Amino acid sequence: MLREIAQEADKGIVTVSSVKTQMDWFDNPVESAGQYAGMILAVNTNEIVILTGEKALEDAESLRIVFGDGSTAAGQIKQKDTVGGMAALTVSASELSESTRNWIEPIELGNSYSVKPGDLVIAVGSPSGRVHSIKQGCISYVAKGVQIADGQTRILYTDFSCNTQKGTFFLNLTGQL
């Protein structure tokens, strides 16, 4: 059951490559790219909206989005939240083939306020530091009323470790974020 949920969610996971060009010793341009996981939040006729960590945008000259079927498109920054460490990116729907648009599936949003210690979760995205990896475990603690710059939030702790810098998303047993 957990494997099936993770496999279905993988259609909503993308690789966000932050591309930057540097010069080598001989003044030849060398392109390097950091790889982070992103999650497809919405698909409409004009664009695909992707959530990723703000770290994916650090020092990036351009963004390359690789979908699970291997298709690639340029990404644009829509919004950044430096306090929460998240960013929303978009990809123009016209850059993708019809088969890719039909294949991808946004991950449905759930209710994090209903999460309680002991709930089983599946970590998708990049929990092991590699995009499209998965882990499973349970919520071990929920910190409520944590002060942040613009209000309060909750922090979910799990019984497994994840590489949060590379983009990790928790899903409940119905496949919701």
# chains A, B, ... in the order shown; residues from 1 in each chain; ligands from 1
call {"tool": "residues_around", "arguments": {"residues": "region 9-23 of chain A", "least_positions_apart": "4", "cutoff": "6 Å", "atoms": "only C-alpha atoms", "output": "list in words"}}
result
Asp27, Asn28, Pro29, Val30, Glu31, Ser32, Ala33, Gly34, Gln35, Tyr36, Ala37, Gly38, Met39, Ile40, Ala60, Glu61, Ser62, Leu63, Arg64, Ile65, Val66, Phe67, Ile104, Glu105, Pro106 and Ile107 of chain A
call {"tool": "residues_around", "arguments": {"residues": "Leu173 (chain A)", "least_positions_apart": "4", "cutoff": "12 Å", "atoms": "only C-alpha atoms", "output": "ChimeraX atom specification"}}
result
/A:1-6,8-9,110,115,119-123,136-138,177
call {"tool": "select_by_dssp", "arguments": {"residues": "region 20-168 of chain A", "states": "strand (DSSP E)", "output": "CSV table (one decimal) with C-alpha atoms, in the first residue's frame"}}
result
chain,number,residue,atom,x,y,z
A,20,LYS,CA,24.8,28.5,-13.0
A,21,THR,CA,27.7,29.0,-15.4
A,22,GLN,CA,31.2,29.5,-14.3
A,23,MET,CA,34.5,29.8,-16.1
A,29,PRO,CA,32.2,28.2,-19.7
A,30,VAL,CA,31.3,25.3,-17.3
A,31,GLU,CA,27.7,24.7,-16.4
A,32,SER,CA,26.9,23.2,-13.0
A,33,ALA,CA,23.5,22.4,-11.6
A,34,GLY,CA,22.3,21.6,-8.1
A,35,GLN,CA,19.4,19.1,-7.9
A,36,TYR,CA,16.4,19.6,-5.6
A,37,ALA,CA,13.0,18.0,-5.4
A,38,GLY,CA,9.9,20.0,-6.3
A,39,MET,CA,6.2,19.1,-5.9
A,40,ILE,CA,3.5,19.9,-8.5
A,41,LEU,CA,0.8,21.9,-6.7
A,42,ALA,CA,-1.4,22.8,-9.7
A,43,VAL,CA,-1.8,22.3,-13.4
A,47,GLU,CA,1.1,26.9,-16.4
A,48,ILE,CA,2.3,24.2,-13.9
A,49,VAL,CA,2.9,25.5,-10.4
A,50,ILE,CA,5.7,23.8,-8.4
A,51,LEU,CA,6.6,24.1,-4.7
A,52,THR,CA,10.3,23.7,-3.8
A,53,GLY,CA,12.7,24.8,-1.1
A,62,SER,CA,18.3,29.8,-14.6
A,63,LEU,CA,16.1,26.9,-13.5
A,64,ARG,CA,15.6,23.7,-15.4
A,65,ILE,CA,12.6,21.5,-14.4
A,66,VAL,CA,12.8,17.8,-15.2
A,72,THR,CA,12.5,19.2,-19.4
A,73,ALA,CA,11.3,22.8,-19.4
A,74,ALA,CA,12.5,26.2,-18.1
A,75,GLY,CA,11.2,27.3,-14.7
A,76,GLN,CA,10.4,30.8,-13.6
A,77,ILE,CA,10.2,32.1,-10.0
A,78,LYS,CA,6.6,33.0,-9.1
A,79,GLN,CA,7.1,33.7,-5.4
A,80,LYS,CA,9.6,33.2,-2.6
A,81,ASP,CA,9.1,33.0,1.1
A,86,MET,CA,9.8,27.8,0.3
A,87,ALA,CA,9.4,29.0,-3.3
A,88,ALA,CA,6.7,28.6,-5.9
A,89,LEU,CA,7.9,28.1,-9.5
A,90,THR,CA,6.0,28.0,-12.7
A,91,VAL,CA,6.5,26.2,-16.0
A,92,SER,CA,4.7,27.3,-19.1
A,120,LEU,CA,2.1,7.0,9.5
A,121,VAL,CA,3.6,9.2,6.8
A,122,ILE,CA,5.5,8.7,3.5
A,123,ALA,CA,8.4,11.1,2.7
A,124,VAL,CA,8.7,11.8,-1.0
A,125,GLY,CA,10.8,14.1,-3.1
A,135,LYS,CA,11.1,6.9,3.2
A,136,GLN,CA,8.3,5.9,5.5
A,137,GLY,CA,7.7,6.2,9.2
A,138,CYS,CA,5.5,8.0,11.7
A,139,ILE,CA,5.0,11.4,13.2
A,140,SER,CA,6.7,11.2,16.6
A,141,TYR,CA,5.9,14.8,17.9
A,142,VAL,CA,3.8,17.8,16.8
A,143,ALA,CA,5.1,21.2,18.1
A,144,LYS,CA,2.1,23.5,18.1
A,145,GLY,CA,2.1,27.3,18.3
A,146,VAL,CA,5.7,27.8,17.1
A,147,GLN,CA,6.4,31.5,16.6
A,148,ILE,CA,7.5,32.6,13.2
A,151,GLY,CA,2.4,34.3,13.0
A,152,GLN,CA,2.4,30.8,14.4
A,153,THR,CA,3.0,27.4,12.8
A,154,ARG,CA,3.2,23.7,13.6
A,155,ILE,CA,6.4,21.6,13.2
A,156,LEU,CA,6.0,17.9,12.5
A,157,TYR,CA,8.8,15.6,13.8
A,158,THR,CA,9.3,12.1,12.5
A,168,THR,CA,11.2,16.5,1.2
call {"tool": "select_by_dssp", "arguments": {"residues": "region 11-177 of chain A", "states": "alpha helix (DSSP H)", "output": "number ranges by chain"}}
result
A: 98-103
call {"tool": "write_last_selection", "arguments": {"atoms": "N, CA and C atoms", "output": "CSV table (one decimal), in the first residue's frame"}}
result
chain,number,residue,atom,x,y,z
A,98,GLU,N,1.8,17.2,-25.0
A,98,GLU,CA,0.5,16.8,-24.5
A,98,GLU,C,0.6,15.5,-23.6
A,99,SER,N,1.5,14.6,-24.0
A,99,SER,CA,1.6,13.4,-23.3
A,99,SER,C,2.2,13.6,-21.9
A,100,THR,N,3.1,14.6,-21.7
A,100,THR,CA,3.6,15.0,-20.4
A,100,THR,C,2.6,15.6,-19.6
A,101,ARG,N,1.8,16.6,-20.2
A,101,ARG,CA,0.7,17.2,-19.5
A,101,ARG,C,-0.3,16.2,-19.0
A,102,ASN,N,-0.6,15.2,-19.7
A,102,ASN,CA,-1.5,14.2,-19.3
A,102,ASN,C,-0.9,13.2,-18.3
A,103,TRP,N,0.4,13.1,-18.3
A,103,TRP,CA,1.1,12.1,-17.4
A,103,TRP,C,1.2,12.7,-16.0
call {"tool": "atom_distance", "arguments": {"atom1": "CA of Leu171 (chain A)", "atom2": "CA of Leu96 (chain A)"}}
result
26.4 Å
call {"tool": "closest_residue", "arguments": {"among": "A:Ser114, A:Thr82, A:Ser97, A:Gln176", "to": "Ala149 (chain A)", "atoms": "only C-alpha atoms"}}
result
A:Thr82
call {"tool": "atom_distance", "arguments": {"atom1": "CA of Ala93 (chain A)", "atom2": "CA of Gly167 (chain A)"}}
result
22.9 Å
call {"tool": "atom_distance", "arguments": {"atom1": "CA of His132 (chain A)", "atom2": "CA of Gly68 (chain A)"}}
result
8.5 Å
